[in-house]
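The file start_19.txt contains compact mmCIF, C-alpha atoms:
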# COMPACT_ATOMS: atom_id res chain seq x y z
CA MET A 1 52.15 173.90 186.63
CA SER A 2 50.23 173.90 189.83
CA SER A 3 49.42 177.04 191.75
CA TYR A 4 51.70 175.79 194.51
CA SER A 5 54.60 175.52 192.05
CA THR A 6 53.81 178.97 190.70
CA MET A 7 53.84 180.41 194.19
CA SER A 8 57.13 178.67 194.95
CA VAL A 9 58.79 180.08 191.85
CA THR A 10 57.44 183.55 192.61
CA THR A 11 58.58 183.34 196.22
CA ALA A 12 62.03 182.15 195.15
CA ALA A 13 62.30 185.06 192.72
CA LEU A 14 61.32 187.55 195.40
CA LEU A 15 63.82 186.06 197.85
CA ALA A 16 66.55 186.18 195.23
CA HIS A 17 65.76 189.82 194.52
CA ALA A 18 65.76 190.59 198.23
CA SER A 19 69.10 188.83 198.68
CA THR A 20 70.58 190.79 195.80
CA ALA A 21 69.26 194.07 197.20
CA SER A 22 70.55 193.35 200.69
CA ALA A 23 73.96 192.40 199.32
CA GLU A 24 74.27 195.80 197.66
CA ALA A 25 75.82 198.07 200.33
CA PRO A 26 74.50 201.65 200.54
CA GLU A 27 76.59 204.20 198.65
CA PHE A 28 78.76 206.59 200.74
CA ASP A 29 79.56 210.15 199.79
CA TYR A 30 83.32 209.88 200.01
CA GLU A 31 83.80 213.52 199.15
CA ASN A 32 81.77 214.61 202.20
CA LYS A 33 83.62 212.09 204.37
CA ASP A 34 86.94 213.59 203.30
CA ASP A 35 85.65 217.06 204.12
CA VAL A 36 84.73 215.95 207.63
CA THR A 37 88.15 214.38 208.09
CA LYS A 38 89.91 217.51 206.85
CA GLU A 39 87.81 219.67 209.16
CA ALA A 40 88.74 217.47 212.12
CA ASP A 41 92.40 217.67 211.14
CA ARG A 42 92.19 221.44 210.94
CA LYS A 43 90.78 221.60 214.46
CA ASN A 44 93.66 219.47 215.77
CA MET A 45 96.34 221.47 213.97
CA PRO A 46 98.40 224.00 215.98
CA GLU A 47 97.04 227.55 215.85
CA TRP A 48 99.75 230.16 215.30
CA LYS A 49 99.41 233.93 215.69
CA ALA A 50 102.11 236.58 215.33
CA SER A 51 102.34 240.35 214.97
CA ALA A 52 105.22 242.84 214.82
CA GLN A 53 105.63 246.61 214.86
CA ALA A 54 108.55 249.08 214.72
CA GLY A 55 109.01 252.82 214.73
CA LEU A 56 111.90 255.27 214.25
CA LEU A 57 112.07 259.06 214.53
CA MET A 58 115.38 260.91 214.10
CA THR A 59 116.10 264.63 213.83
CA THR A 60 119.43 266.48 213.71
CA GLY A 61 120.57 270.09 213.58
CA ASN A 62 118.80 272.67 215.71
CA SER A 63 116.55 269.96 217.12
CA SER A 64 118.34 266.70 217.80
CA ALA A 65 116.34 263.68 218.96
CA THR A 66 116.17 259.94 218.35
CA THR A 67 113.22 257.74 219.23
CA ILE A 68 113.06 254.00 218.57
CA SER A 69 110.27 251.61 219.53
CA GLY A 70 109.29 248.11 218.56
CA GLY A 71 107.39 245.04 219.63
CA PHE A 72 106.67 241.43 218.73
CA ARG A 73 103.97 239.02 219.90
CA SER A 74 103.39 235.40 219.04
CA SER A 75 101.31 232.51 220.36
CA ARG A 76 100.89 228.83 219.60
CA LYS A 77 97.90 226.79 220.74
CA GLU A 78 97.61 223.04 220.27
CA GLY A 79 94.99 221.00 222.07
CA LYS A 80 94.99 222.02 225.73
CA ASN A 81 98.34 223.79 225.60
CA LYS A 82 99.09 227.41 224.70
CA VAL A 83 102.47 229.19 224.66
CA GLN A 84 102.93 232.96 224.26
CA LEU A 85 105.99 235.17 223.73
CA GLU A 86 106.16 238.97 223.92
CA LEU A 87 109.07 241.33 223.19
CA SER A 88 108.98 245.12 223.41
CA GLY A 89 111.33 248.05 223.80
CA ALA A 90 111.54 251.83 223.60
CA PHE A 91 114.48 254.24 223.52
CA ALA A 92 114.45 258.03 223.31
CA ARG A 93 117.43 260.40 223.48
CA SER A 94 117.51 264.14 222.88
CA THR A 95 119.94 267.06 222.88
CA ILE A 96 118.79 270.38 224.33
CA ASN A 97 120.30 273.87 224.70
CA ILE A 98 120.78 275.24 228.20
CA ALA A 99 122.13 278.49 229.61
CA ASP A 100 123.71 279.05 233.02
CA ASP A 101 124.29 282.64 234.16
CA GLU A 102 127.38 281.88 236.19
CA ASN A 103 128.43 285.53 236.66
CA ASP A 104 124.88 286.67 237.55
CA ASN A 105 124.94 289.60 235.11
CA GLY A 106 121.52 288.82 233.74
CA PHE A 107 122.87 287.85 230.31
CA VAL A 108 124.07 284.68 228.63
CA ASP A 109 127.74 285.02 227.78
CA ALA A 110 129.61 282.89 225.26
CA ASN A 111 130.93 280.49 227.89
CA GLU A 112 127.51 280.13 229.55
CA PHE A 113 125.78 278.46 226.61
CA THR A 114 126.03 274.72 226.12
CA ARG A 115 124.18 271.66 224.84
CA ILE A 116 123.56 268.51 226.82
CA THR A 117 122.38 265.09 225.68
CA GLN A 118 120.13 263.02 227.89
CA THR A 119 118.17 259.78 227.72
CA ASN A 120 114.44 260.35 228.09
CA SER A 121 113.26 256.76 227.78
CA GLN A 122 115.04 253.43 227.93
CA SER A 123 112.98 250.32 228.59
CA TRP A 124 112.69 246.74 227.36
CA LEU A 125 110.63 243.66 228.22
CA VAL A 126 110.75 239.92 227.46
CA ARG A 127 107.81 237.79 228.61
CA SER A 128 106.81 234.16 228.09
CA ARG A 129 103.67 232.40 229.28
CA TYR A 130 102.25 228.87 229.27
CA ASP A 131 98.56 227.97 229.72
CA ARG A 132 97.24 224.49 230.40
CA PHE A 133 93.50 224.36 229.70
CA LEU A 134 91.48 222.20 232.07
CA SER A 135 88.37 222.90 229.98
CA SER A 136 87.25 225.43 227.40
CA TYR A 137 86.83 228.09 230.10
CA ASN A 138 89.36 227.12 232.80
CA ALA A 139 93.15 227.09 232.69
CA LEU A 140 96.25 227.09 234.86
CA TYR A 141 99.04 229.47 233.82
CA THR A 142 102.68 230.21 234.54
CA SER A 143 104.81 233.03 233.17
CA ALA A 144 108.30 234.54 233.41
CA THR A 145 109.32 238.15 232.69
CA LEU A 146 112.55 240.12 232.43
CA SER A 147 112.42 243.91 232.06
CA ALA A 148 114.27 247.14 232.75
CA GLU A 149 113.40 250.83 232.88
CA GLU A 150 116.37 253.04 233.65
CA PRO A 151 114.64 256.46 234.03
CA ALA A 152 112.22 254.91 236.56
CA GLY A 153 115.11 253.65 238.68
CA ARG A 154 114.77 249.93 237.85
CA GLY A 155 117.98 248.49 236.45
CA LEU A 156 116.60 244.96 236.12
CA VAL A 157 113.31 243.36 237.14
CA GLY A 158 112.66 239.62 237.01
CA SER A 159 109.32 238.08 237.88
CA GLY A 160 107.53 234.74 237.82
CA GLN A 161 103.81 234.08 238.10
CA VAL A 162 101.49 231.09 238.61
CA GLY A 163 97.73 231.07 238.94
CA TYR A 164 94.26 230.26 237.68
CA SER A 165 92.52 231.78 234.64
CA ARG A 166 88.76 231.72 234.03
CA ILE A 167 86.86 232.87 230.92
CA ILE A 168 83.67 234.43 232.27
CA LEU A 169 82.12 235.44 228.94
CA ASN A 170 82.95 234.06 225.52
CA SER A 171 81.01 234.83 222.34
CA LYS A 172 81.75 235.91 218.79
CA VAL A 173 81.73 239.55 219.91
CA HIS A 174 82.79 239.60 223.59
CA GLN A 175 85.32 237.82 225.76
CA LEU A 176 85.93 238.54 229.44
CA THR A 177 88.74 236.84 231.38
CA LEU A 178 89.57 236.95 235.09
CA GLU A 179 92.78 235.65 236.68
CA SER A 180 94.14 235.29 240.18
CA GLY A 181 97.51 234.00 241.34
CA TYR A 182 100.92 234.56 242.89
CA ASP A 183 103.71 236.85 241.67
CA PHE A 184 107.34 236.92 242.76
CA SER A 185 109.45 239.87 241.62
CA PHE A 186 113.13 240.67 242.06
CA GLU A 187 114.01 244.34 241.53
CA ASP A 188 117.56 245.63 241.13
CA LEU A 189 117.15 249.32 241.88
CA SER A 190 119.37 251.88 240.18
CA GLY A 191 121.38 254.02 242.57
CA SER A 192 120.57 251.77 245.51
CA THR A 193 122.77 249.15 247.16
CA ARG A 194 119.79 247.02 248.16
CA SER A 195 117.65 244.91 245.85
CA LEU A 196 114.09 243.89 246.63
CA SER A 197 112.30 240.53 246.65
CA ILE A 198 108.54 241.06 246.50
CA HIS A 199 105.87 238.41 247.07
CA SER A 200 102.52 239.59 245.70
CA TRP A 201 98.93 238.55 245.13
CA ARG A 202 98.05 239.07 241.46
CA VAL A 203 94.58 239.92 240.12
CA PHE A 204 93.91 240.43 236.40
CA ALA A 205 90.86 241.33 234.32
CA GLY A 206 90.82 241.54 230.53
CA TYR A 207 88.12 242.27 227.95
CA GLN A 208 88.20 241.86 224.16
CA GLY A 209 85.38 243.11 221.95
CA GLU A 210 84.63 243.23 218.23
CA LEU A 211 83.28 246.64 217.23
CA SER A 212 83.03 245.53 213.59
CA PRO A 213 84.44 242.74 211.40
CA ASP A 214 87.62 244.83 210.93
CA THR A 215 87.91 246.64 214.28
CA SER A 216 88.59 245.24 217.75
CA PHE A 217 88.86 246.82 221.20
CA GLU A 218 90.86 245.58 224.20
CA ILE A 219 91.16 246.75 227.80
CA SER A 220 92.99 245.07 230.66
CA THR A 221 94.20 245.79 234.19
CA GLU A 222 96.68 243.93 236.36
CA CYS A 223 96.88 244.56 240.12
CA LEU A 224 99.80 243.43 242.30
CA PHE A 225 99.50 243.64 246.10
CA ASN A 226 102.72 242.99 248.03
CA LEU A 227 102.26 240.45 250.83
CA ASN A 228 105.62 240.91 252.59
CA GLU A 229 107.27 243.85 254.27
CA LEU A 230 110.12 245.35 252.24
CA ALA A 231 113.30 246.53 253.96
CA THR A 232 114.67 249.28 251.72
CA SER A 233 117.56 251.70 252.12
CA PHE A 234 115.02 254.54 252.40
CA GLY A 235 112.85 252.92 255.07
CA PRO A 236 110.42 249.99 255.49
CA VAL A 237 107.52 249.41 253.12
CA TYR A 238 104.75 247.45 254.78
CA ALA A 239 102.47 244.81 253.27
CA PHE A 240 99.95 246.17 250.73
CA ASP A 241 101.82 249.51 250.63
CA ASP A 242 103.71 248.67 247.41
CA THR A 243 100.57 248.32 245.30
CA ARG A 244 101.13 248.31 241.53
CA PHE A 245 98.60 248.69 238.69
CA ASN A 246 99.32 247.99 235.01
CA ASN A 247 96.59 249.09 232.61
CA GLN A 248 96.24 249.02 228.84
CA VAL A 249 93.61 250.15 226.33
CA SER A 250 93.98 249.53 222.59
CA LEU A 251 91.95 249.90 219.41
CA THR A 252 93.00 247.91 216.33
CA THR A 253 91.53 248.14 212.85
CA ASN A 254 92.48 246.31 209.68
CA ILE A 255 93.81 248.47 206.82
CA TYR A 256 94.56 246.01 204.07
CA GLY A 257 95.51 242.34 204.07
CA ASP A 258 97.92 241.68 206.94
CA LEU A 259 98.36 245.37 207.79
CA SER A 260 96.51 246.90 210.73
CA PHE A 261 96.57 250.19 212.61
CA ARG A 262 96.67 250.15 216.40
CA PHE A 263 96.24 252.99 218.87
CA SER A 264 97.12 252.08 222.44
CA PHE A 265 97.47 253.74 225.83
CA GLN A 266 99.37 252.18 228.73
CA SER A 267 99.62 253.35 232.32
CA ARG A 268 101.70 251.94 235.17
CA PHE A 269 101.20 253.03 238.78
CA ASP A 270 103.59 252.18 241.61
CA ASN A 271 102.57 253.38 245.07
CA ASN A 272 106.21 253.16 246.24
CA PRO A 273 108.41 254.01 243.24
CA ALA A 274 112.16 253.40 243.16
CA PRO A 275 114.71 256.16 243.81
CA ARG A 276 115.76 258.09 240.73
CA PRO A 277 119.11 257.16 239.17
CA GLU A 278 122.00 259.55 239.74
CA LEU A 279 122.33 262.50 237.39
CA GLY A 280 126.08 262.46 236.92
CA LEU A 281 126.75 263.29 240.58
CA PRO A 282 125.69 261.41 243.74
CA TYR A 283 122.85 262.82 245.80
CA ALA A 284 123.46 264.28 249.24
CA ALA A 285 123.29 261.89 252.20
CA GLN A 286 119.90 263.13 253.40
CA PHE A 287 118.35 263.63 249.95
CA THR A 288 116.67 260.77 248.00
CA PRO A 289 114.47 261.83 245.06
CA PHE A 290 111.98 259.23 243.91
CA ALA A 291 110.60 258.46 240.48
CA ASP A 292 107.04 259.49 239.62
CA LYS A 293 104.33 257.09 240.75
CA LEU A 294 102.58 257.13 237.37
CA ASP A 295 104.10 256.36 233.95
CA THR A 296 102.07 256.50 230.74
CA ARG A 297 102.75 255.58 227.14
CA THR A 298 100.60 256.54 224.13
CA GLU A 299 101.38 254.84 220.84
CA ALA A 300 100.05 254.77 217.29
CA ALA A 301 101.59 252.07 215.11
CA ILE A 302 101.22 249.99 211.97
CA ILE A 303 101.00 246.29 212.80
CA VAL A 304 102.01 243.41 210.51
CA ASN A 305 100.02 240.28 211.38
As a first step, turn the structure in this file into C-alpha cells.
Amino acid sequence: MSSYSTMSVTTAALLAHASTASAEAPEFDYENKDDVTKEADRKNMPEWKASAQAGLLMTTGNSSATTISGGFRSSRKEGKNKVQLELSGAFARSTINIADDENDNGFVDANEFTRITQTNSQSWLVRSRYDRFLSSYNALYTSATLSAEEPAGRGLVGSGQVGYSRIILNSKVHQLTLESGYDFSFEDLSGSTRSLSIHSWRVFAGYQGELSPDTSFEISTECLFNLNELATSFGPVYAFDDTRFNNQVSLTTNIYGDLSFRFSFQSRFDNNPAPRPELGLPYAAQFTPFADKLDTRTEAAIIVN
C-alpha cells in the first residue's frame, strides 16, 4: 500500500474518531440543575410570617382585678407585593375600696364604706397594609386602621394612609426605613357631640437590628402633623397644633423553637387630646377635663412564631 493510501486511511480514521467524539454530547449534572430549579422556585414562593401573643391576669377577694391583652401579626410577600395584618387589644378592670366621710365626723361609719368597679384600660386596633415594591429599596404603600380607646376619650378612630417607603440601609444586621405620606383620620370623641376629620402629613422612621443570631432590636417613630384647622366643641385647633407621635421600642429573643420572649415599650403623644369620657354624671357647662397628652404601655410577653 502506498504512503498516500496509508495517509488516507489514517486521516479517515482520525475523522471518524473526531465525528464520534463530536456526536457525543457533554454530560450534564442533572442533580445540580434540579437544585438550581428548586432554589429559583423557593425564591418565587410566597413568604409567610405570623406571630401571636396573649396574656391574662385575674385576682378576686380583697384585691379584685382582671387584665387581658393579646395581639396577632401576619404578613405575606410574593414578588413585588406584600400584605400585612395586625390585631391587638387590651382590657383592664379593677375593684377598689373607697370611704366617704359624709357626716364629717372624722371617722368612716358603716354606711360610708363602699367598693366601686372601674375600667382602667379598654383599647383595640385592627390594621391592614399593602406595599407595592418598585424596586428592592423603593415601595408605595396604603393602609387602613380601625381603633378605639375609651379611657382616652376616643370612641372610634378610623384612618387611611398612602405614601412612599424607602429602605435607606439594608444588610444582614441593620435595616433602616423612612416613609412619608398622607393620613386621613376620623375621630368619634367620647362625651362630645362633634367628630373630627383630620388631614395630616405622615413621617415614619424605623430601624431593625440583629444583636445576635437569636436576639433582635426594633425602634420606630411615627409623626402626624395636622394640615387643616379643626373646629371642636372646646375651641379651634389650628394647623400643626394637633401633632401626634407614636413610638415603639422592642427587644425580642428566641427561647426555644418557635417560642420567643419580647419586651416592648410604647408611647403615644397627642398635643391636643380628646375630652375625658363622663364619669357617671355629666360635667358642668363650663368644665371640660381633657385626657393626658402622653400614654405609655410596657409589656413583657411570650411570642409564638
Quiz item: Could you name the residues that touch stretch 80-85 of chain A at 8 Å or less, counting all atoms listed in the file, but leaving out those on the same chain fewer than 3 positions away, as an MDAnalysis selection string?
Solution: chainID A and resid 73:77 126:135
Please produce a file of the residues just selected, as a short mmCIF file (atom, residue, chain, number, x, y, z; two decimals), in the frame of the given file, where the atoms kept are C-alpha atoms.
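What landed in out.cif:
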data_model
loop_
_atom_site.label_atom_id
_atom_site.label_comp_id
_atom_site.auth_asym_id
_atom_site.auth_seq_id
_atom_site.Cartn_x
_atom_site.Cartn_y
_atom_site.Cartn_z
CA ARG A 73 103.97 239.02 219.90
CA SER A 74 103.39 235.40 219.04
CA SER A 75 101.31 232.51 220.36
CA ARG A 76 100.89 228.83 219.60
CA LYS A 77 97.90 226.79 220.74
CA VAL A 126 110.75 239.92 227.46
CA ARG A 127 107.81 237.79 228.61
CA SER A 128 106.81 234.16 228.09
CA ARG A 129 103.67 232.40 229.28
CA TYR A 130 102.25 228.87 229.27
CA ASP A 131 98.56 227.97 229.72
CA ARG A 132 97.24 224.49 230.40
CA PHE A 133 93.50 224.36 229.70
CA LEU A 134 91.48 222.20 232.07
CA SER A 135 88.37 222.90 229.98
#
Practice problem: Would you list the contacts of A:Leu211 as a list in words, taking every protein, DNA or RNA residue within 9 Å and counting only C-alpha atoms, but skipping same-chain residues closer than 5 positions in sequence? | Solution: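 What passes the distance filter is Val173, Ser216 and Phe217 of chain A.
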Practice problem: Around the point (130.1, 278.7, 229.2) in the file's coordinates, collect all residues with an atom within 12 Å, using all atoms listed in the file, and return them as a PyMOL selection string. | Solution: chain A and resi 97-103+107-115
Exercise. Report the distance between atom CA of A:Ala239 and atom CA of A:Ala148 in Å, rounded to one decimal place.
Key: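 A separation of 23.8 Å between them.
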Quiz prompt | d(atom CA of A:Glu210, atom CA of A:Ser165) in Å | solution =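 It comes out at 21.5 Å.
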Exercise. Give me the residues within 8 Å of stretch 43-56 of chain A as number ranges by chain, counting only C-alpha atoms and dropping any in the same chain fewer than 4 places off.
Key: A: 39, 66-79, 301-305
